[in-house]
Amino acid sequence: MILELVANIPYDGIFKEPTETKTVDGFKIFFNNVNDILMDRIRGFIHWNFQQYGQWIIQLIRYHRDELDFPYLEKNLDEQEKSVLYQFIDIADRKINNLTLAFYLKQLLDNQQIHYSENNSEEIHYVTINLDGKAKNNLGNYFGILLSPFFAIMLYNEEEDELEVVDANEQAKLLTELAINFGKPFTQI
Amino acid sequence: MKVNLKKIEAISEQDRELILVDLIMTSKYGVKPPKPRDPLKAELLKKFEDKRDGFKIGQI
């Protein structure tokens with residue numbers, strides 16, 4: 001076993017006492033508490049924009065659910081951090097699924113009177129929105145939202161005349177840029 | 001409208017979940033400019049994480 005010791009004080013501010021254990025050779029090892037790691041990842045995700053922490057938060061919740069100390073987490077996280085924690089719990093528990101998202105998204109588009117066409121087959125479910133104005137000039141005729149087998153945004157490839165899913169780590173950034181540059185319908189999504 | 005199915009199939013389960021998290025959080029809170037942590041701590045942490053090929057939980 002290799003241990004990497006990166007600091008003698010694990011986190012700034014309040015943290016739970018690390019668990020002390022001894023190896024058969026008599027070496028002391030201190031294990032950070034999973035609740036402190038989780039809080040650190042949530043804060044990193046929100047305040048430092050470390051998007052890759054999202055996957056880690058889900059894994060921490062899934063693998064260490066029984067060790068989560070909710071009164072401690074609630075006491076030490078601010079309102080936004082708490083809200084993100086519970087959102088992640090829903091994602092980790094798969095309470096947010098494709099069907100629910102598809103329902104909400106279509107309801108949102110209908111309420112905003114954004115016209116779309118829907119394609120639903122056994123292997124794929126998506127909506128296509130016809131673009132106009134500045135968005136059409138920059139992105140082409142269409143914009144797509146994949147609803148199943150997973151949720152994602154798709155851009156139009158004019159040469160191939162098809163919609164293509166955007167790379168995983170570009171999705172959120174792209175959606176924000178589209179909303180800033182072109183407004184509706186991207187601001188509504 | 002056609003959809004490129006190969007590109008869809010090429011996205012891993014982990015990335016699918018990452019997209020879901022990113023899009024939900026972005027639509028709720030927007031994207032903020034990255035704020036660096038303490039640069040010394042961040043460098044040290046990144047060095048170890050890179051060495052392990054990212055943060056790992058469970059069977060390292």
# chains A, B, ... in the order shown; residues from 1 in each chain; ligands from 1
>>> interface_residues(of="chain A", to="chain B", cutoff="6 Å", atoms="only C-alpha atoms", output="PyMOL selection string")
chain A and resi 48-49+162-164+168+172
>>> write_last_selection(atoms="N, CA and C atoms", output="compact mmCIF listing (two decimals), in the first residue's frame")
# COMPACT_ATOMS: atom_id res chain seq x y z
N TRP A 48 -15.07 27.05 -7.21
CA TRP A 48 -13.85 27.08 -8.04
C TRP A 48 -14.11 26.58 -9.45
N ASN A 49 -15.38 26.22 -9.68
CA ASN A 49 -15.77 25.77 -11.01
C ASN A 49 -14.97 24.54 -11.46
N GLU A 162 -26.58 16.30 -40.37
CA GLU A 162 -27.00 15.51 -39.20
C GLU A 162 -26.66 16.24 -37.90
N LEU A 163 -27.30 15.81 -36.84
CA LEU A 163 -26.99 16.37 -35.52
C LEU A 163 -25.92 15.53 -34.85
N GLU A 164 -24.99 16.21 -34.18
CA GLU A 164 -23.90 15.48 -33.51
C GLU A 164 -23.82 15.91 -32.06
N ALA A 168 -18.39 15.74 -23.99
CA ALA A 168 -18.92 15.82 -22.63
C ALA A 168 -18.44 17.05 -21.86
N ALA A 172 -21.68 22.10 -20.96
CA ALA A 172 -22.17 23.20 -20.11
C ALA A 172 -21.64 24.54 -20.60
>>> residues_around(residues="Phe143 in chain A", least_positions_apart="3", cutoff="9 Å", atoms="only C-alpha atoms", output="VMD selection string")
chain A and resid 127 to 131 139 to 140 153 to 156 163
>>> residues_around(residues="Asn32 in chain A", least_positions_apart="4", cutoff="9 Å", atoms="only C-alpha atoms", output="list in words")
Pro10, Phe15, Lys16, Glu17, Pro18, Thr19, Asp36 and Ile37 of chain A
>>> residues_around(residues="Lys82 in chain A", least_positions_apart="6", cutoff="10 Å", atoms="only C-alpha atoms", output="JSON list (two decimals) with C-alpha atoms, in the first residue's frame")
[["chain", "number", "residue", "atom", "x", "y", "z"],
["A", 39, "MET", "CA", -17.81, 19.25, 1.54],
["A", 42, "ILE", "CA", -18.97, 20.45, -3.27],
["A", 73, "LEU", "CA", -23.10, 18.64, 6.55],
["A", 74, "GLU", "CA", -26.13, 20.89, 7.00],
["A", 75, "LYS", "CA", -24.41, 22.85, 9.75],
["A", 76, "ASN", "CA", -21.27, 23.51, 7.75],
["A", 88, "PHE", "CA", -26.37, 15.46, -6.31]]
>>> select_by_dssp(residues="range 75-130 of chain A", states="alpha helix (DSSP H)", output="PyMOL selection string")
chain A and resi 75-76+79-92+98-111
>>> write_last_selection(atoms="N, CA and C atoms", output="PDB file, in the first residue's frame")
ATOM      1  N   LYS A  75     -24.932  21.774   8.890  1.00  0.00           N
ATOM      2  CA  LYS A  75     -24.411  22.845   9.750  1.00  0.00           C
ATOM      3  C   LYS A  75     -23.276  23.606   9.058  1.00  0.00           C
ATOM      4  N   ASN A  76     -22.490  22.891   8.280  1.00  0.00           N
ATOM      5  CA  ASN A  76     -21.273  23.506   7.747  1.00  0.00           C
ATOM      6  C   ASN A  76     -21.347  23.964   6.293  1.00  0.00           C
ATOM      7  N   GLU A  79     -26.343  27.748   2.140  1.00  0.00           N
ATOM      8  CA  GLU A  79     -27.618  27.362   1.510  1.00  0.00           C
ATOM      9  C   GLU A  79     -27.419  26.799   0.102  1.00  0.00           C
ATOM     10  N   GLN A  80     -26.592  27.484  -0.690  1.00  0.00           N
ATOM     11  CA  GLN A  80     -26.369  27.027  -2.066  1.00  0.00           C
ATOM     12  C   GLN A  80     -25.661  25.672  -2.072  1.00  0.00           C
ATOM     13  N   GLU A  81     -24.680  25.525  -1.188  1.00  0.00           N
ATOM     14  CA  GLU A  81     -23.939  24.262  -1.120  1.00  0.00           C
ATOM     15  C   GLU A  81     -24.857  23.105  -0.715  1.00  0.00           C
ATOM     16  N   LYS A  82     -25.763  23.399   0.237  1.00  0.00           N
ATOM     17  CA  LYS A  82     -26.720  22.365   0.663  1.00  0.00           C
ATOM     18  C   LYS A  82     -27.632  21.967  -0.501  1.00  0.00           C
ATOM     19  N   SER A  83     -28.091  22.979  -1.226  1.00  0.00           N
ATOM     20  CA  SER A  83     -28.992  22.701  -2.341  1.00  0.00           C
ATOM     21  C   SER A  83     -28.289  21.835  -3.395  1.00  0.00           C
ATOM     22  N   VAL A  84     -27.004  22.133  -3.635  1.00  0.00           N
ATOM     23  CA  VAL A  84     -26.236  21.335  -4.600  1.00  0.00           C
ATOM     24  C   VAL A  84     -26.042  19.909  -4.075  1.00  0.00           C
ATOM     25  N   LEU A  85     -25.785  19.778  -2.766  1.00  0.00           N
ATOM     26  CA  LEU A  85     -25.628  18.441  -2.173  1.00  0.00           C
ATOM     27  C   LEU A  85     -26.877  17.593  -2.446  1.00  0.00           C
ATOM     28  N   TYR A  86     -28.076  18.172  -2.169  1.00  0.00           N
ATOM     29  CA  TYR A  86     -29.303  17.392  -2.335  1.00  0.00           C
ATOM     30  C   TYR A  86     -29.608  17.103  -3.814  1.00  0.00           C
ATOM     31  N   GLN A  87     -29.196  18.050  -4.674  1.00  0.00           N
ATOM     32  CA  GLN A  87     -29.348  17.810  -6.114  1.00  0.00           C
ATOM     33  C   GLN A  87     -28.483  16.613  -6.533  1.00  0.00           C
ATOM     34  N   PHE A  88     -27.271  16.577  -5.996  1.00  0.00           N
ATOM     35  CA  PHE A  88     -26.366  15.465  -6.313  1.00  0.00           C
ATOM     36  C   PHE A  88     -26.886  14.143  -5.744  1.00  0.00           C
ATOM     37  N   ILE A  89     -27.504  14.210  -4.567  1.00  0.00           N
ATOM     38  CA  ILE A  89     -28.068  12.977  -3.991  1.00  0.00           C
ATOM     39  C   ILE A  89     -29.148  12.431  -4.921  1.00  0.00           C
ATOM     40  N   ASP A  90     -29.976  13.332  -5.464  1.00  0.00           N
ATOM     41  CA  ASP A  90     -31.017  12.897  -6.413  1.00  0.00           C
ATOM     42  C   ASP A  90     -30.400  12.260  -7.653  1.00  0.00           C
ATOM     43  N   ILE A  91     -29.294  12.858  -8.115  1.00  0.00           N
ATOM     44  CA  ILE A  91     -28.631  12.299  -9.307  1.00  0.00           C
ATOM     45  C   ILE A  91     -28.003  10.948  -8.954  1.00  0.00           C
ATOM     46  N   ALA A  92     -27.329  10.888  -7.791  1.00  0.00           N
ATOM     47  CA  ALA A  92     -26.688   9.637  -7.363  1.00  0.00           C
ATOM     48  C   ALA A  92     -27.726   8.532  -7.184  1.00  0.00           C
ATOM     49  N   ASN A  98     -34.005  10.129 -17.423  1.00  0.00           N
ATOM     50  CA  ASN A  98     -34.262  10.691 -18.758  1.00  0.00           C
ATOM     51  C   ASN A  98     -35.735  11.025 -18.975  1.00  0.00           C
ATOM     52  N   LEU A  99     -36.612  10.146 -18.453  1.00  0.00           N
ATOM     53  CA  LEU A  99     -38.042  10.377 -18.657  1.00  0.00           C
ATOM     54  C   LEU A  99     -38.509  11.662 -17.990  1.00  0.00           C
ATOM     55  N   THR A 100     -38.039  11.850 -16.748  1.00  0.00           N
ATOM     56  CA  THR A 100     -38.416  13.061 -16.004  1.00  0.00           C
ATOM     57  C   THR A 100     -37.895  14.298 -16.730  1.00  0.00           C
ATOM     58  N   LEU A 101     -36.619  14.226 -17.140  1.00  0.00           N
ATOM     59  CA  LEU A 101     -36.021  15.380 -17.811  1.00  0.00           C
ATOM     60  C   LEU A 101     -36.730  15.685 -19.126  1.00  0.00           C
ATOM     61  N   ALA A 102     -37.035  14.631 -19.875  1.00  0.00           N
ATOM     62  CA  ALA A 102     -37.714  14.829 -21.160  1.00  0.00           C
ATOM     63  C   ALA A 102     -39.066  15.511 -20.927  1.00  0.00           C
ATOM     64  N   PHE A 103     -39.773  15.068 -19.891  1.00  0.00           N
ATOM     65  CA  PHE A 103     -41.075  15.654 -19.569  1.00  0.00           C
ATOM     66  C   PHE A 103     -40.926  17.149 -19.249  1.00  0.00           C
ATOM     67  N   TYR A 104     -39.970  17.473 -18.358  1.00  0.00           N
ATOM     68  CA  TYR A 104     -39.790  18.875 -17.954  1.00  0.00           C
ATOM     69  C   TYR A 104     -39.318  19.746 -19.121  1.00  0.00           C
ATOM     70  N   LEU A 105     -38.409  19.196 -19.921  1.00  0.00           N
ATOM     71  CA  LEU A 105     -37.885  19.993 -21.027  1.00  0.00           C
ATOM     72  C   LEU A 105     -38.988  20.318 -22.040  1.00  0.00           C
ATOM     73  N   LYS A 106     -39.798  19.320 -22.359  1.00  0.00           N
ATOM     74  CA  LYS A 106     -40.866  19.562 -23.346  1.00  0.00           C
ATOM     75  C   LYS A 106     -41.901  20.549 -22.786  1.00  0.00           C
ATOM     76  N   GLN A 107     -42.152  20.411 -21.501  1.00  0.00           N
ATOM     77  CA  GLN A 107     -43.093  21.340 -20.851  1.00  0.00           C
ATOM     78  C   GLN A 107     -42.557  22.782 -20.917  1.00  0.00           C
ATOM     79  N   LEU A 108     -41.251  22.891 -20.682  1.00  0.00           N
ATOM     80  CA  LEU A 108     -40.577  24.195 -20.724  1.00  0.00           C
ATOM     81  C   LEU A 108     -40.665  24.799 -22.120  1.00  0.00           C
ATOM     82  N   LEU A 109     -40.363  24.002 -23.126  1.00  0.00           N
ATOM     83  CA  LEU A 109     -40.413  24.485 -24.510  1.00  0.00           C
ATOM     84  C   LEU A 109     -41.836  24.872 -24.886  1.00  0.00           C
ATOM     85  N   ASP A 110     -42.814  24.061 -24.473  1.00  0.00           N
ATOM     86  CA  ASP A 110     -44.221  24.366 -24.767  1.00  0.00           C
ATOM     87  C   ASP A 110     -44.640  25.682 -24.100  1.00  0.00           C
ATOM     88  N   ASN A 111     -44.273  25.826 -22.832  1.00  0.00           N
ATOM     89  CA  ASN A 111     -44.650  27.045 -22.098  1.00  0.00           C
ATOM     90  C   ASN A 111     -44.040  28.299 -22.717  1.00  0.00           C
TER      91      ASN A 111
END
>>> atom_distance(atom1="CA of Gln52 in chain A", atom2="CA of Ile189 in chain A")
22.1 Å
>>> closest_residue(among="A:Asn141, A:Lys134, A:Asp93, A:Val166", to="Lys184 in chain A", atoms="only C-alpha atoms")
A:Lys134
>>> closest_residue(among="A:Leu38, A:Ile46, A:Ala152, A:Leu77", to="Arg62 in chain A", atoms="only C-alpha atoms")
A:Leu38
>>> decode(residues="range 9-39 of chain A", atoms="N, CA and C atoms", output="PDB file, in the first residue's frame")
ATOM      1  N   ILE A   9      -2.627  19.232   8.008  1.00  0.00           N
ATOM      2  CA  ILE A   9      -3.981  19.708   8.309  1.00  0.00           C
ATOM      3  C   ILE A   9      -4.790  19.544   7.027  1.00  0.00           C
ATOM      4  N   PRO A  10      -5.807  18.664   7.030  1.00  0.00           N
ATOM      5  CA  PRO A  10      -6.447  18.317   5.766  1.00  0.00           C
ATOM      6  C   PRO A  10      -7.214  19.453   5.085  1.00  0.00           C
ATOM      7  N   TYR A  11      -7.904  20.287   5.837  1.00  0.00           N
ATOM      8  CA  TYR A  11      -8.733  21.314   5.216  1.00  0.00           C
ATOM      9  C   TYR A  11      -8.643  22.612   6.008  1.00  0.00           C
ATOM     10  N   ASP A  12      -8.949  23.713   5.316  1.00  0.00           N
ATOM     11  CA  ASP A  12      -9.061  24.985   6.022  1.00  0.00           C
ATOM     12  C   ASP A  12     -10.348  24.954   6.842  1.00  0.00           C
ATOM     13  N   GLY A  13     -10.357  25.695   7.932  1.00  0.00           N
ATOM     14  CA  GLY A  13     -11.600  25.822   8.702  1.00  0.00           C
ATOM     15  C   GLY A  13     -11.915  24.593   9.527  1.00  0.00           C
ATOM     16  N   ILE A  14     -13.240  24.312   9.636  1.00  0.00           N
ATOM     17  CA  ILE A  14     -13.698  23.220  10.503  1.00  0.00           C
ATOM     18  C   ILE A  14     -13.571  21.883   9.775  1.00  0.00           C
ATOM     19  N   PHE A  15     -13.092  20.883  10.476  1.00  0.00           N
ATOM     20  CA  PHE A  15     -13.107  19.542   9.909  1.00  0.00           C
ATOM     21  C   PHE A  15     -13.193  18.523  11.034  1.00  0.00           C
ATOM     22  N   LYS A  16     -13.711  17.345  10.709  1.00  0.00           N
ATOM     23  CA  LYS A  16     -13.827  16.286  11.718  1.00  0.00           C
ATOM     24  C   LYS A  16     -12.450  15.710  11.987  1.00  0.00           C
ATOM     25  N   GLU A  17     -12.298  15.217  13.195  1.00  0.00           N
ATOM     26  CA  GLU A  17     -11.020  14.601  13.572  1.00  0.00           C
ATOM     27  C   GLU A  17     -10.743  13.400  12.653  1.00  0.00           C
ATOM     28  N   PRO A  18      -9.571  13.374  11.984  1.00  0.00           N
ATOM     29  CA  PRO A  18      -9.291  12.191  11.162  1.00  0.00           C
ATOM     30  C   PRO A  18      -9.240  10.919  12.016  1.00  0.00           C
ATOM     31  N   THR A  19      -9.620   9.797  11.445  1.00  0.00           N
ATOM     32  CA  THR A  19      -9.589   8.519  12.159  1.00  0.00           C
ATOM     33  C   THR A  19      -8.152   8.010  12.192  1.00  0.00           C
ATOM     34  N   GLU A  20      -7.706   7.657  13.404  1.00  0.00           N
ATOM     35  CA  GLU A  20      -6.329   7.179  13.514  1.00  0.00           C
ATOM     36  C   GLU A  20      -6.325   5.657  13.519  1.00  0.00           C
ATOM     37  N   THR A  21      -5.401   5.092  12.764  1.00  0.00           N
ATOM     38  CA  THR A  21      -5.261   3.642  12.781  1.00  0.00           C
ATOM     39  C   THR A  21      -3.765   3.296  12.742  1.00  0.00           C
ATOM     40  N   LYS A  22      -3.446   2.071  13.109  1.00  0.00           N
ATOM     41  CA  LYS A  22      -2.032   1.682  13.130  1.00  0.00           C
ATOM     42  C   LYS A  22      -1.797   0.489  12.224  1.00  0.00           C
ATOM     43  N   THR A  23      -0.686   0.510  11.500  1.00  0.00           N
ATOM     44  CA  THR A  23      -0.347  -0.646  10.668  1.00  0.00           C
ATOM     45  C   THR A  23       0.273  -1.710  11.576  1.00  0.00           C
ATOM     46  N   VAL A  24       0.454  -2.934  11.038  1.00  0.00           N
ATOM     47  CA  VAL A  24       1.062  -3.995  11.850  1.00  0.00           C
ATOM     48  C   VAL A  24       2.495  -3.618  12.250  1.00  0.00           C
ATOM     49  N   ASP A  25       3.111  -2.724  11.473  1.00  0.00           N
ATOM     50  CA  ASP A  25       4.472  -2.276  11.800  1.00  0.00           C
ATOM     51  C   ASP A  25       4.478  -1.142  12.823  1.00  0.00           C
ATOM     52  N   GLY A  26       3.304  -0.726  13.224  1.00  0.00           N
ATOM     53  CA  GLY A  26       3.223   0.321  14.233  1.00  0.00           C
ATOM     54  C   GLY A  26       3.162   1.736  13.680  1.00  0.00           C
ATOM     55  N   PHE A  27       3.057   1.881  12.333  1.00  0.00           N
ATOM     56  CA  PHE A  27       2.941   3.230  11.774  1.00  0.00           C
ATOM     57  C   PHE A  27       1.526   3.759  11.967  1.00  0.00           C
ATOM     58  N   LYS A  28       1.447   5.038  12.289  1.00  0.00           N
ATOM     59  CA  LYS A  28       0.125   5.653  12.463  1.00  0.00           C
ATOM     60  C   LYS A  28      -0.367   6.160  11.110  1.00  0.00           C
ATOM     61  N   ILE A  29      -1.631   5.923  10.836  1.00  0.00           N
ATOM     62  CA  ILE A  29      -2.233   6.474   9.606  1.00  0.00           C
ATOM     63  C   ILE A  29      -3.495   7.225  10.008  1.00  0.00           C
ATOM     64  N   PHE A  30      -3.665   8.406   9.440  1.00  0.00           N
ATOM     65  CA  PHE A  30      -4.874   9.200   9.719  1.00  0.00           C
ATOM     66  C   PHE A  30      -5.733   9.248   8.462  1.00  0.00           C
ATOM     67  N   PHE A  31      -6.978   8.859   8.605  1.00  0.00           N
ATOM     68  CA  PHE A  31      -7.902   8.906   7.464  1.00  0.00           C
ATOM     69  C   PHE A  31      -8.836  10.104   7.611  1.00  0.00           C
ATOM     70  N   ASN A  32      -8.878  10.927   6.556  1.00  0.00           N
ATOM     71  CA  ASN A  32      -9.812  12.053   6.567  1.00  0.00           C
ATOM     72  C   ASN A  32     -11.240  11.534   6.570  1.00  0.00           C
ATOM     73  N   ASN A  33     -12.099  12.298   7.202  1.00  0.00           N
ATOM     74  CA  ASN A  33     -13.505  11.904   7.246  1.00  0.00           C
ATOM     75  C   ASN A  33     -14.178  12.177   5.898  1.00  0.00           C
ATOM     76  N   VAL A  34     -14.990  11.242   5.479  1.00  0.00           N
ATOM     77  CA  VAL A  34     -15.612  11.345   4.152  1.00  0.00           C
ATOM     78  C   VAL A  34     -16.512  12.586   4.038  1.00  0.00           C
ATOM     79  N   ASN A  35     -17.097  13.009   5.164  1.00  0.00           N
ATOM     80  CA  ASN A  35     -17.957  14.202   5.127  1.00  0.00           C
ATOM     81  C   ASN A  35     -17.154  15.456   4.782  1.00  0.00           C
ATOM     82  N   ASP A  36     -15.915  15.519   5.291  1.00  0.00           N
ATOM     83  CA  ASP A  36     -15.058  16.670   4.978  1.00  0.00           C
ATOM     84  C   ASP A  36     -14.620  16.641   3.513  1.00  0.00           C
ATOM     85  N   ILE A  37     -14.330  15.444   3.027  1.00  0.00           N
ATOM     86  CA  ILE A  37     -13.940  15.342   1.614  1.00  0.00           C
ATOM     87  C   ILE A  37     -15.110  15.781   0.740  1.00  0.00           C
ATOM     88  N   LEU A  38     -16.304  15.301   1.103  1.00  0.00           N
ATOM     89  CA  LEU A  38     -17.494  15.645   0.317  1.00  0.00           C
ATOM     90  C   LEU A  38     -17.729  17.163   0.304  1.00  0.00           C
ATOM     91  N   MET A  39     -17.602  17.797   1.477  1.00  0.00           N
ATOM     92  CA  MET A  39     -17.814  19.252   1.538  1.00  0.00           C
ATOM     93  C   MET A  39     -16.789  19.984   0.682  1.00  0.00           C
TER      94      MET A  39
END
